[in-house]
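Chemist: For reference, this is input-v1.txt, and it has compact mmCIF, C-alpha atoms.
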# COMPACT_ATOMS: atom_id res chain seq x y z
CA MET S 17 61.97 90.98 7.56
CA ASP S 18 58.23 91.51 6.93
CA ALA S 19 57.31 90.05 10.32
CA LEU S 20 59.86 92.32 11.99
CA ARG S 21 58.51 95.35 10.14
CA GLN S 22 54.93 94.63 11.18
CA ALA S 23 55.87 94.02 14.82
CA ALA S 24 58.05 97.14 14.90
CA SER S 25 55.26 99.26 13.42
CA ALA S 26 52.86 98.00 16.09
CA LEU S 27 55.39 98.65 18.88
CA SER S 28 56.66 102.06 17.77
CA PRO S 29 53.97 104.07 19.64
CA GLU S 30 55.05 102.32 22.86
CA VAL S 31 58.69 103.13 22.12
CA VAL S 32 57.72 106.77 21.65
CA ARG S 33 55.85 106.72 24.96
CA LEU S 34 58.82 105.12 26.73
CA ALA S 35 61.23 107.67 25.23
CA ILE S 36 59.16 110.55 26.61
CA GLU S 37 58.76 108.83 29.97
CA LEU S 38 62.50 108.34 30.33
CA ALA S 39 63.37 111.81 29.03
CA GLU S 40 61.18 113.31 31.76
CA VAL S 41 63.52 111.90 34.43
CA PRO S 42 66.61 114.11 34.99
CA ALA S 43 69.86 112.29 34.21
CA PRO S 44 72.87 114.62 34.07
CA THR S 45 76.21 112.89 33.70
CA GLY S 46 77.10 111.66 37.16
CA GLY S 47 73.48 111.88 38.31
CA GLU S 48 71.81 109.13 36.29
CA TYR S 49 70.50 107.00 39.15
CA ASP S 50 66.82 108.04 39.01
CA ARG S 51 66.59 107.32 35.29
CA ALA S 52 68.58 104.11 35.71
CA SER S 53 66.15 103.02 38.42
CA ARG S 54 63.23 103.58 36.06
CA VAL S 55 64.94 101.60 33.29
CA CYS S 56 65.58 98.78 35.76
CA THR S 57 61.92 98.75 36.77
CA LEU S 58 60.75 98.68 33.15
CA LEU S 59 62.96 95.68 32.44
CA ARG S 60 61.85 93.84 35.58
CA GLU S 61 58.22 94.42 34.66
CA ARG S 62 59.00 92.55 31.45
CA GLY S 63 60.42 89.59 33.34
CA TYR S 64 64.12 90.37 33.07
CA ALA S 65 66.40 90.05 36.11
CA ALA S 66 67.74 93.59 35.73
CA GLN S 67 70.39 94.91 38.10
CA ILE S 68 71.99 98.28 38.80
CA ASP S 69 75.70 98.39 39.66
CA ASP S 70 77.44 100.85 41.98
CA ILE S 71 78.02 103.48 39.27
CA GLY S 72 74.47 103.35 37.90
CA ASN S 73 74.72 101.00 34.91
CA VAL S 74 71.65 98.84 34.38
CA TYR S 75 72.18 95.26 33.14
CA ALA S 76 69.69 92.80 31.68
CA ARG S 77 70.38 89.52 29.87
CA ARG S 78 68.15 87.95 27.27
CA GLY S 79 68.84 84.29 26.60
CA THR S 80 70.42 81.35 28.40
CA VAL S 81 72.76 80.03 25.71
CA GLY S 82 75.95 80.98 27.55
CA GLY S 83 79.31 81.47 25.90
CA ALA S 84 79.64 84.36 23.47
CA ALA S 85 77.27 87.28 23.92
CA LEU S 86 76.29 90.40 22.01
CA MET S 87 76.30 93.55 24.14
CA LEU S 88 73.79 96.31 23.38
CA ALA S 89 74.52 99.65 25.04
CA ALA S 90 72.43 102.82 25.26
CA HIS S 91 73.48 105.65 27.53
CA THR S 92 71.08 107.13 30.06
CA ASP S 93 72.92 110.39 30.75
CA THR S 94 72.27 113.75 29.12
CA VAL S 95 74.18 117.02 28.82
CA PHE S 96 71.52 118.93 30.75
CA PRO S 97 71.84 119.92 34.43
CA ALA S 98 69.38 118.40 36.90
CA HIS S 99 67.42 121.66 37.21
CA THR S 100 66.68 121.86 33.45
CA PRO S 101 62.92 122.06 32.74
CA LEU S 102 62.08 118.77 31.02
CA LYS S 103 59.04 119.61 28.95
CA PHE S 104 58.11 117.72 25.80
CA THR S 105 55.66 118.35 22.99
CA GLN S 106 54.51 115.91 20.34
CA THR S 107 53.22 117.41 17.12
CA ARG S 108 53.42 116.95 13.34
CA GLY S 109 55.39 113.72 13.59
CA ARG S 110 57.92 115.14 16.02
CA ILE S 111 58.75 114.98 19.69
CA VAL S 112 60.50 118.12 20.91
CA GLY S 113 62.41 118.44 24.19
CA PRO S 114 65.88 118.14 25.73
CA GLY S 115 67.52 114.73 25.54
CA VAL S 116 64.60 112.97 23.87
CA GLY S 117 66.77 111.68 21.05
CA ASP S 118 70.11 111.73 22.87
CA ASN S 119 69.49 109.35 24.34
CA ALA S 120 66.08 108.54 25.79
CA LEU S 121 65.00 107.11 22.44
CA GLY S 122 68.10 104.91 22.26
CA VAL S 123 67.31 103.34 25.63
CA ALA S 124 63.61 102.99 24.78
CA ALA S 125 64.51 101.35 21.45
CA VAL S 126 66.56 98.58 23.07
CA ILE S 127 63.70 97.87 25.47
CA GLY S 128 61.40 97.90 22.44
CA ALA S 129 63.67 95.48 20.59
CA PHE S 130 63.47 93.07 23.52
CA ASP S 131 59.66 93.44 23.43
CA LEU S 132 59.66 92.76 19.69
CA LEU S 133 61.78 89.63 19.97
CA ASP S 134 59.63 88.40 22.86
CA LYS S 135 56.41 89.07 20.95
CA LEU S 136 57.66 87.09 17.95
CA GLY S 137 59.14 84.33 20.13
CA ILE S 138 62.59 84.75 18.60
CA ALA S 139 65.51 83.21 20.48
CA THR S 140 68.79 84.71 19.29
CA ALA S 141 71.75 82.46 18.54
CA VAL S 142 73.77 84.04 21.36
CA ASP S 143 72.70 85.81 24.53
CA LEU S 144 72.04 89.54 24.46
CA ILE S 145 73.36 91.73 27.27
CA PHE S 146 71.65 95.11 27.45
CA VAL S 147 73.51 97.78 29.38
CA ALA S 148 71.95 101.18 30.00
CA THR S 149 75.22 102.99 30.54
CA VAL S 150 76.26 106.06 32.50
CA GLY S 151 78.94 108.61 31.69
CA GLU S 152 78.74 108.79 27.90
CA GLU S 153 78.37 112.54 27.67
CA GLY S 154 80.81 115.35 28.49
CA LEU S 155 83.40 114.43 31.08
CA GLY S 156 81.80 111.08 31.82
CA ASN S 157 84.76 109.53 29.99
CA LEU S 158 82.65 106.55 28.84
CA ALA S 159 82.77 105.22 32.40
CA GLY S 160 79.67 103.09 31.95
CA ALA S 161 80.87 101.35 28.79
CA LYS S 162 84.27 100.73 30.38
CA ARG S 163 82.67 99.17 33.47
CA ALA S 164 80.28 97.06 31.37
CA LEU S 165 83.09 95.62 29.27
CA ASP S 166 85.22 95.01 32.36
CA ARG S 167 82.32 93.10 33.90
CA HIS S 168 81.58 91.03 30.79
CA ALA S 169 85.04 90.95 29.21
CA GLU S 170 85.22 87.20 28.73
CA GLU S 171 81.89 86.76 26.97
CA THR S 172 81.37 89.95 24.94
CA ALA S 173 82.08 88.97 21.34
CA ALA S 174 80.61 92.13 19.77
CA PHE S 175 79.26 95.50 20.94
CA VAL S 176 76.51 97.66 19.46
CA ALA S 177 75.82 101.13 20.87
CA VAL S 178 72.37 102.54 20.16
CA GLU S 179 71.62 106.25 19.81
CA GLY S 180 68.27 107.90 19.13
CA HIS S 181 69.51 110.13 16.32
CA ASN S 182 71.18 109.39 12.97
CA LEU S 183 69.22 106.51 11.47
CA GLY S 184 71.31 105.29 8.55
CA ARG S 185 74.72 105.76 10.07
CA VAL S 186 77.04 102.93 11.00
CA THR S 187 79.74 104.36 13.21
CA CYS S 188 82.73 102.07 12.92
CA GLY S 189 85.44 104.59 13.82
CA GLY S 190 85.91 105.86 17.35
CA VAL S 191 87.17 109.43 17.79
CA GLY S 192 89.41 109.47 20.85
CA SER S 193 89.91 112.56 22.96
CA VAL S 194 91.96 114.08 25.75
CA ARG S 195 90.63 117.03 27.74
CA TRP S 196 92.90 119.30 29.76
CA LYS S 197 92.43 122.03 32.27
CA LEU S 198 95.44 124.31 31.84
CA SER S 199 95.96 126.47 34.94
CA VAL S 200 98.33 129.43 35.29
CA HIS S 201 99.11 131.05 38.66
CA GLY S 202 101.12 134.14 39.56
CA PRO S 203 101.55 136.76 42.28
CA GLY S 204 98.85 139.16 41.03
CA GLY S 205 98.76 142.79 42.06
CA HIS S 206 97.39 146.24 41.28
CA SER S 207 97.45 147.17 37.60
CA TRP S 208 99.16 150.51 38.44
CA GLY S 209 101.05 149.98 41.65
CA GLY S 210 102.12 146.46 40.77
CA TYR S 211 102.87 147.09 37.13
CA GLY S 212 105.62 144.81 35.94
CA GLN S 213 104.43 141.81 37.93
CA PRO S 214 103.67 138.87 35.62
CA SER S 215 100.01 138.33 34.74
CA ALA S 216 98.54 134.85 34.64
CA ILE S 217 96.22 135.95 31.84
CA HIS S 218 99.07 137.33 29.73
CA VAL S 219 101.02 134.08 30.12
CA LEU S 220 97.94 131.99 29.32
CA ALA S 221 97.41 134.07 26.18
CA GLN S 222 101.04 133.49 25.23
CA ILE S 223 100.61 129.74 25.65
CA ILE S 224 97.39 129.64 23.63
CA THR S 225 99.03 131.63 20.83
CA SER S 226 101.88 129.12 20.79
CA LEU S 227 99.45 126.19 20.68
CA ALA S 228 97.46 127.79 17.86
CA ALA S 229 100.58 127.69 15.70
CA CYS S 230 100.81 123.89 16.07
CA ALA S 231 99.05 122.40 13.06
CA PRO S 232 97.66 118.94 13.88
CA PRO S 233 97.88 116.06 11.39
CA VAL S 234 95.31 116.04 8.61
CA HIS S 235 95.56 112.27 8.12
CA PRO S 236 94.52 110.73 10.43
CA LYS S 237 92.21 113.60 11.26
CA THR S 238 93.35 115.23 14.50
CA THR S 239 91.99 118.43 16.06
CA PHE S 240 92.29 120.63 19.09
CA ASN S 241 90.21 123.43 20.52
CA VAL S 242 90.47 125.90 23.39
CA GLY S 243 86.84 125.93 24.42
CA VAL S 244 86.74 127.92 27.67
CA ILE S 245 88.97 130.64 29.12
CA SER S 246 88.54 132.12 32.59
CA GLY S 247 90.52 134.09 35.13
CA GLY S 248 91.33 137.44 36.66
CA THR S 249 89.61 139.48 39.35
CA SER S 250 88.89 142.94 37.92
CA VAL S 251 89.87 145.30 35.13
CA ASN S 252 92.44 147.02 37.35
CA SER S 253 94.01 143.88 38.81
CA ILE S 254 96.97 141.91 37.50
CA ALA S 255 95.55 138.41 37.18
CA SER S 256 96.85 135.94 39.75
CA GLU S 257 95.12 133.03 38.05
CA ALA S 258 93.80 132.03 34.66
CA SER S 259 92.74 128.76 33.12
CA ALA S 260 91.64 127.21 29.85
CA LEU S 261 89.81 124.03 28.92
CA ILE S 262 91.36 122.29 25.93
CA ASP S 263 89.95 119.46 23.83
CA LEU S 264 92.19 117.27 21.65
CA ARG S 265 90.75 114.61 19.33
CA SER S 266 91.84 112.06 16.75
CA THR S 267 90.64 108.92 15.05
CA SER S 268 94.06 107.41 15.80
CA GLU S 269 95.27 106.59 19.30
CA ALA S 270 98.89 106.96 18.18
CA ALA S 271 98.30 110.34 16.48
CA LEU S 272 96.41 111.59 19.54
CA SER S 273 99.24 110.54 21.83
CA GLN S 274 101.89 112.15 19.63
CA PHE S 275 100.01 115.43 19.22
CA THR S 276 99.25 115.57 22.94
CA ALA S 277 102.95 115.15 23.70
CA ARG S 278 103.79 117.88 21.20
CA LEU S 279 101.41 120.36 22.84
CA ARG S 280 102.82 119.51 26.26
CA ARG S 281 106.29 120.41 25.01
CA GLU S 282 105.00 123.71 23.64
CA ILE S 283 103.47 124.57 27.00
CA GLN S 284 106.64 123.66 28.86
CA ARG S 285 108.66 126.01 26.63
CA VAL S 286 106.83 129.01 28.05
CA HIS S 287 108.70 130.07 31.20
CA VAL S 288 108.06 133.27 33.13
CA ASP S 289 109.59 133.97 36.54
CA GLY S 290 106.95 133.93 39.27
CA ILE S 291 104.45 131.99 37.18
CA SER S 292 103.48 128.33 37.58
CA VAL S 293 101.69 126.31 34.93
CA ASN S 294 99.79 123.08 35.53
CA ILE S 295 98.15 120.65 33.10
CA GLU S 296 95.36 118.54 34.58
CA THR S 297 93.83 115.77 32.47
CA ILE S 298 90.09 115.98 33.10
CA GLY S 299 88.89 113.65 30.37
CA GLU S 300 90.07 110.75 28.24
CA ARG S 301 88.26 108.70 25.61
CA PRO S 302 90.03 105.94 23.71
CA ALA S 303 90.19 105.91 19.91
CA GLY S 304 89.63 102.79 17.85
CA GLU S 305 88.19 101.28 14.71
CA THR S 306 86.23 98.31 13.48
CA ALA S 307 87.29 97.54 9.92
CA ARG S 308 84.79 98.42 7.20
CA ASP S 309 84.92 94.85 5.91
CA HIS S 310 84.29 93.27 9.31
CA PRO S 311 81.16 91.07 9.31
CA LEU S 312 79.48 93.21 11.99
CA VAL S 313 79.92 96.37 9.90
CA THR S 314 78.84 94.74 6.65
CA CYS S 315 75.84 93.19 8.41
CA ALA S 316 74.77 96.61 9.68
CA GLY S 317 75.15 98.08 6.19
CA ASP S 318 73.24 95.23 4.55
CA THR S 319 70.43 95.57 7.09
CA LEU S 320 69.99 99.24 6.25
CA ARG S 321 70.04 98.56 2.50
CA ALA S 322 67.35 95.90 2.94
CA LEU S 323 65.22 98.62 4.53
CA GLY S 324 65.87 101.01 1.65
CA ILE S 325 68.36 103.19 3.50
CA PRO S 326 71.85 103.82 2.05
CA PRO S 327 74.28 103.32 4.95
CA ILE S 328 76.71 106.06 5.96
CA PHE S 329 79.91 104.79 7.56
CA ASP S 330 81.47 107.34 9.86
CA SER S 331 83.58 108.07 12.91
CA SER S 332 82.32 109.61 16.13
CA SER S 333 82.72 109.49 19.90
CA THR S 334 80.29 106.95 21.40
CA ASP S 335 80.23 104.10 23.88
CA ALA S 336 81.46 101.91 21.01
CA ASN S 337 84.90 103.59 21.31
CA VAL S 338 85.65 101.40 24.31
CA GLY S 339 84.97 98.15 22.51
CA MET S 340 86.91 99.23 19.42
CA ASN S 341 89.91 100.18 21.54
CA ARG S 342 89.85 96.77 23.23
CA GLY S 343 89.73 94.86 19.96
CA ILE S 344 86.05 93.92 20.29
CA PRO S 345 84.06 94.36 17.05
CA SER S 346 81.97 97.44 17.84
CA ILE S 347 79.66 99.88 16.06
CA CYS S 348 77.05 102.51 16.86
CA ILE S 349 73.72 102.80 15.05
CA GLY S 350 70.82 105.29 15.14
CA ILE S 351 67.07 104.78 15.51
CA SER S 352 65.47 107.89 13.98
CA ARG S 353 66.22 111.29 12.52
CA GLY S 354 66.10 114.64 14.20
CA GLY S 355 68.02 117.78 15.08
CA GLY S 356 68.82 120.36 17.72
CA GLY S 357 71.04 117.99 19.63
CA HIS S 358 72.24 119.24 23.04
CA THR S 359 69.69 122.07 23.04
CA LEU S 360 66.33 122.57 24.71
CA GLN S 361 64.77 122.44 21.23
CA GLU S 362 66.11 118.97 20.40
CA TYR S 363 63.65 116.90 18.38
CA ILE S 364 63.20 113.49 16.85
CA GLU S 365 60.93 112.40 14.03
CA THR S 366 58.48 109.68 15.06
CA ASP S 367 57.70 108.14 11.66
CA PRO S 368 61.15 106.58 11.11
CA ILE S 369 61.18 104.91 14.55
CA ALA S 370 59.49 101.76 13.26
CA THR S 371 62.20 101.42 10.62
CA GLY S 372 64.92 102.05 13.20
CA LEU S 373 63.44 99.43 15.49
CA THR S 374 63.25 96.94 12.61
CA GLN S 375 66.89 97.68 11.83
CA LEU S 376 67.96 97.05 15.43
CA ALA S 377 66.06 93.77 15.72
CA ALA S 378 67.27 92.49 12.35
CA LEU S 379 70.87 93.43 13.13
CA VAL S 380 70.69 91.70 16.51
CA ILE S 381 69.34 88.49 14.99
CA ALA S 382 71.83 88.40 12.11
CA SER S 383 74.91 89.38 14.11
CA ALA S 384 74.03 86.87 16.84
CA GLU S 385 74.08 84.16 14.19
CA GLN S 386 77.52 85.35 13.07
CA LEU S 387 78.80 85.18 16.63
CA GLN S 388 77.51 81.70 17.36
CA GLY S 389 80.42 79.54 18.46
CA SER S 390 82.86 82.42 19.08
CA LYS S 391 84.42 82.80 22.56
CA ALA S 392 83.05 79.37 23.38
Write out the structure in this file as structure tokens.
Modeler:
Amino acid sequence: MDALRQAASALSPEVVRLAIELAEVPAPTGGEYDRASRVCTLLRERGYAAQIDDIGNVYARRGTVGGAALMLAAHTDTVFPAHTPLKFTQTRGRIVGPGVGDNALGVAAVIGAFDLLDKLGIATAVDLIFVATVGEEGLGNLAGAKRALDRHAEETAAFVAVEGHNLGRVTCGGVGSVRWKLSVHGPGGHSWGGYGQPSAIHVLAQIITSLAACAPPVHPKTTFNVGVISGGTSVNSIASEASALIDLRSTSEAALSQFTARLRREIQRVHVDGISVNIETIGERPAGETARDHPLVTCAGDTLRALGIPPIFDSSSTDANVGMNRGIPSICIGISRGGGGHTLQEYIETDPIATGLTQLAALVIASAEQLQGSKA
């Protein structure tokens, strides 16, 4: 561990530099190609035969053992539109700017871990497959992680997602989600002359009120939220259209499916002549779990303890959801600490990065040893 610590400390300024360099390249969900291209170039400069697939995932393999492999994933996309000013400041042990921790640092850290292992001449017991994934944020629906695991289904024996924030967490539960666009259409009309015609907004409000009365399960934790409402033309017009964006989540695939079906029934109960209602699924993320006593989870926890950090085991929505849902041992770990996620004032602390990089390298080495001989 001491050798890893020293190498990580020496490499951490380069990881910081890489994080800023990558964060300066726009990468909205669905528009990650420019950042992916830069990641691919960085890996090729280091001697890896990196490739970009048709959706923008970047792949690089370290090792020639064959058989079982450990997949490391870090997403390249951000929540920010392409036109967002990407300006970064580094001061008082912090880097401030949009997307620097989520997830430019995560990508930079995996590249840094490869550098660290190369510098120390460490050959892992199984091959490492690094995937810089697309589509992790928003309505990306984890498309990159799904494609990566489709491509390497036969050899991926374990999956570790890497995020820039939340050093100390071991995410072993995957929060699944379903996102709907609920659309209501009617004839519309003038608020005076057409009074009595059904209003799409009134019907949408009736539906939302009905949904709000549906209490989701507490165990397993299940939630829903109406996040956006839009519609209508003017204050003196009967609305001909209205819509809402709805987010449903659960740590259990079965609970999510059951609650989703329940809300569908509630919506279908609302019937008004002249009004049509449509539910469009615009997003889906699978739920899953890697057991707390699984060797990959315990290894991650032990690694943090060895570095003096009490591990926090939690559930979240990350690329690791896909692996969990497919029965592949999967977790997500963090590299540093910070705040302001998904805002222009997002920041990460630079001092903990060396520890986060040590954690990643140590976990990779130890978990690769655990996987040796599996899927052979």
Chemist: For S:Asn252, which residue among S:Ser25, S:Thr92, S:Ser215, S:Ser390 is the nearest when counting only C-alpha atoms?
Modeler: S:Ser215
Chemist: Using only C-alpha atoms - which residues lie no farther than 7 Å from the point (74.5, 89.6, 29.0) in the file's frame? Write them as a PyMOL selection string.
Modeler: chain S and resi 76-78+85+87+143-146
Chemist: Fewer than 4 positions away in the same chain doesn't count, so skip those; otherwise give me all residues within 8 Å of S:Thr366, counting all atoms listed in the file, as number ranges by chain.
Modeler: S: 32, 109-111, 352
Chemist: Which of these, S:Asp263, S:Glu30, S:Glu171, S:Glu257, has the shortest distance to S:Ile127 once you count all atoms listed in the file?
Modeler: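 Using all atoms listed in the file, S:Ile127 sits closest to S:Glu30.
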Chemist: Out of S:Leu133, S:Leu261, S:Val178, S:Ile349, which residue has the shortest atom-to-atom distance to S:Thr319 when counting all atoms listed in the file?
Modeler: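 Under the stated criterion, the closest residue is S:Ile349.
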Chemist: Identify, on the basis of all atoms listed in the file, every residue whose closest approach to S:Gly137 does not exceed 12 Å; exclude the query and any residue fewer than 3 positions from it along the same chain; express the result as a PDB file with C-alpha atoms, in the frame of the given file.
Modeler:
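File produced: out-v2.pdb:
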ATOM      1  CA  ALA S  19      57.310  90.050  10.320  1.00  0.00           C
ATOM      2  CA  LEU S  20      59.860  92.320  11.990  1.00  0.00           C
ATOM      3  CA  ALA S  23      55.870  94.020  14.820  1.00  0.00           C
ATOM      4  CA  GLY S  79      68.840  84.290  26.600  1.00  0.00           C
ATOM      5  CA  PHE S 130      63.470  93.070  23.520  1.00  0.00           C
ATOM      6  CA  ASP S 131      59.660  93.440  23.430  1.00  0.00           C
ATOM      7  CA  LEU S 132      59.660  92.760  19.690  1.00  0.00           C
ATOM      8  CA  LEU S 133      61.780  89.630  19.970  1.00  0.00           C
ATOM      9  CA  ASP S 134      59.630  88.400  22.860  1.00  0.00           C
ATOM     10  CA  THR S 140      68.790  84.710  19.290  1.00  0.00           C
TER      11      THR S 140
END
Chemist: List the spatial neighbours of S:Leu264 as a ChimeraX atom specification - criterion: any atom at most 12 Å away, only C-alpha atoms, same-chain residues fewer than 4 positions off excluded.
Modeler: /S:191-197,227,232-233,237-243,268-269,271-280,297-303
Chemist: Rank nothing, just name the residue among S:Ile68, S:Ala139, S:Ile217, S:Val126 nearest to S:Ser28, using only C-alpha atoms.
Modeler: S:Val126
Chemist: What's around S:Leu88 at 12 Å? Count only C-alpha atoms, leave out sequence neighbours fewer than 5 positions away in its own chain, and write the answer as an MDAnalysis selection string.
Modeler: chainID S and resid 74:78 122:123 125:127 129:130 143:149 161 164:165 168 172:179 335:336 339 346:349 376:377 379:380 383:384
Chemist: How big is the axis-aligned box, and where does its centre sit, when it encloses all atoms of stretch 92-98 of chain S listed in the file and has 4 Å added on every side, reported in Å to one decimal as lines of an AutoDock Vina configuration file?
Modeler:
center_x = 71.8
center_y = 113.5
center_z = 32.9
size_x = 12.8
size_y = 20.8
size_z = 16.1
Chemist: Considering all atoms listed in the file, state which residue in the set S:Glu61, S:Asp330, S:Glu152, S:Asp18 is at the smallest distance from S:Asn73.
Modeler: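 Using all atoms listed in the file, the shortest distance to S:Asn73 belongs to S:Glu152.
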Chemist: Within 12 Å of (62.2, 100.2, 3.5) in the file's own coordinates, which protein, DNA or RNA residues have an atom, counting all atoms listed in the file? List them as JSON, numbers by chain.
Modeler: {"S": [17, 18, 20, 21, 22, 184, 319, 320, 321, 322, 323, 324, 325, 326, 368, 370, 371, 372, 374, 375]}
Chemist: Mind writing the picked residues with C-alpha atoms as an mmCIF file, in the coordinates of the input?
Modeler:
data_model
loop_
_atom_site.group_PDB
_atom_site.id
_atom_site.type_symbol
_atom_site.label_atom_id
_atom_site.label_comp_id
_atom_site.auth_asym_id
_atom_site.auth_seq_id
_atom_site.Cartn_x
_atom_site.Cartn_y
_atom_site.Cartn_z
ATOM 1 C CA MET S 17 61.970 90.980 7.560
ATOM 2 C CA ASP S 18 58.230 91.510 6.930
ATOM 3 C CA LEU S 20 59.860 92.320 11.990
ATOM 4 C CA ARG S 21 58.510 95.350 10.140
ATOM 5 C CA GLN S 22 54.930 94.630 11.180
ATOM 6 C CA GLY S 184 71.310 105.290 8.550
ATOM 7 C CA THR S 319 70.430 95.570 7.090
ATOM 8 C CA LEU S 320 69.990 99.240 6.250
ATOM 9 C CA ARG S 321 70.040 98.560 2.500
ATOM 10 C CA ALA S 322 67.350 95.900 2.940
ATOM 11 C CA LEU S 323 65.220 98.620 4.530
ATOM 12 C CA GLY S 324 65.870 101.010 1.650
ATOM 13 C CA ILE S 325 68.360 103.190 3.500
ATOM 14 C CA PRO S 326 71.850 103.820 2.050
ATOM 15 C CA PRO S 368 61.150 106.580 11.110
ATOM 16 C CA ALA S 370 59.490 101.760 13.260
ATOM 17 C CA THR S 371 62.200 101.420 10.620
ATOM 18 C CA GLY S 372 64.920 102.050 13.200
ATOM 19 C CA THR S 374 63.250 96.940 12.610
ATOM 20 C CA GLN S 375 66.890 97.680 11.830
#
Chemist: Here is a test: counting only C-alpha atoms, which residue of S:Ser266, S:Ser333, S:Thr187, S:Phe96 is nearest to S:Pro345?
Modeler: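 Once distances to S:Pro345 are computed over only C-alpha atoms, the minimum belongs to S:Thr187.
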Chemist: Rounded to one decimal, what separation in Å do you get between atom CA of S:Glu37 and atom CA of S:Val112?
Modeler: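 Computed distance, atom CA of S:Glu37 to atom CA of S:Val112, equals 13.1 Å.
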Chemist: Using all atoms listed in the file, which residues sit within 7 Å of S:Phe329 once same-chain residues fewer than 5 positions away are excluded, as a PDB file with C-alpha atoms, in the frame of the given file?
Modeler:
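Writing done, so here's part.pdb:
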ATOM      1  CA  ARG S 185      74.720 105.760  10.070  1.00  0.00           C
ATOM      2  CA  VAL S 186      77.040 102.930  11.000  1.00  0.00           C
ATOM      3  CA  THR S 187      79.740 104.360  13.210  1.00  0.00           C
ATOM      4  CA  CYS S 188      82.730 102.070  12.920  1.00  0.00           C
TER       5      CYS S 188
END
Chemist: For the atom pair atom CA of S:Asp166 and atom CA of S:Ala35, what is the interatomic distance in Å to one decimal place?
Modeler: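 Taking atom CA of S:Asp166 as the start and atom CA of S:Ala35 as the end point, the length is 28.0 Å.
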Chemist: State, in Å with one decimal place, the distance from atom CA of S:Gly202 to atom CA of S:Ser256.
Modeler: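 Rounded to one decimal, the two atoms are 4.6 Å apart.
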Chemist: Taking the partial coordinates given, rebuild stretch 300-311 of chain S to contain N, CA, C and O atoms; return it as a compact mmCIF listing (two decimals), in the frame of the given file.
Modeler:
# COMPACT_ATOMS: atom_id res chain seq x y z
N GLU S 300 89.39 111.59 29.21
CA GLU S 300 90.07 110.75 28.24
C GLU S 300 89.08 109.76 27.64
O GLU S 300 88.34 109.11 28.37
N ARG S 301 89.07 109.68 26.33
CA ARG S 301 88.26 108.70 25.61
C ARG S 301 89.15 107.98 24.62
O ARG S 301 89.85 108.62 23.83
N PRO S 302 89.14 106.66 24.61
CA PRO S 302 90.03 105.94 23.71
C PRO S 302 89.56 106.00 22.26
O PRO S 302 88.35 106.09 21.99
N ALA S 303 90.50 105.99 21.34
CA ALA S 303 90.19 105.91 19.91
C ALA S 303 90.20 104.44 19.51
O ALA S 303 90.69 103.57 20.22
N GLY S 304 89.64 104.16 18.35
CA GLY S 304 89.63 102.79 17.85
C GLY S 304 88.91 102.69 16.53
O GLY S 304 88.41 103.70 15.99
N GLU S 305 88.84 101.49 16.01
CA GLU S 305 88.19 101.28 14.71
C GLU S 305 87.78 99.83 14.57
O GLU S 305 88.48 98.92 15.03
N THR S 306 86.63 99.63 13.95
CA THR S 306 86.23 98.31 13.48
C THR S 306 86.28 98.37 11.96
O THR S 306 85.67 99.25 11.34
N ALA S 307 87.04 97.47 11.36
CA ALA S 307 87.29 97.54 9.92
C ALA S 307 85.99 97.55 9.12
O ALA S 307 85.01 96.87 9.49
N ARG S 308 85.98 98.30 8.03
CA ARG S 308 84.79 98.42 7.20
C ARG S 308 84.34 97.07 6.65
O ARG S 308 83.14 96.88 6.36
N ASP S 309 85.29 96.15 6.46
CA ASP S 309 84.92 94.85 5.91
C ASP S 309 84.66 93.80 6.99
O ASP S 309 84.50 92.62 6.68
N HIS S 310 84.60 94.23 8.25
CA HIS S 310 84.29 93.27 9.31
C HIS S 310 82.83 92.83 9.17
O HIS S 310 81.96 93.63 8.82
N PRO S 311 82.54 91.56 9.46
CA PRO S 311 81.16 91.07 9.31
C PRO S 311 80.11 91.88 10.07
O PRO S 311 78.98 92.04 9.58
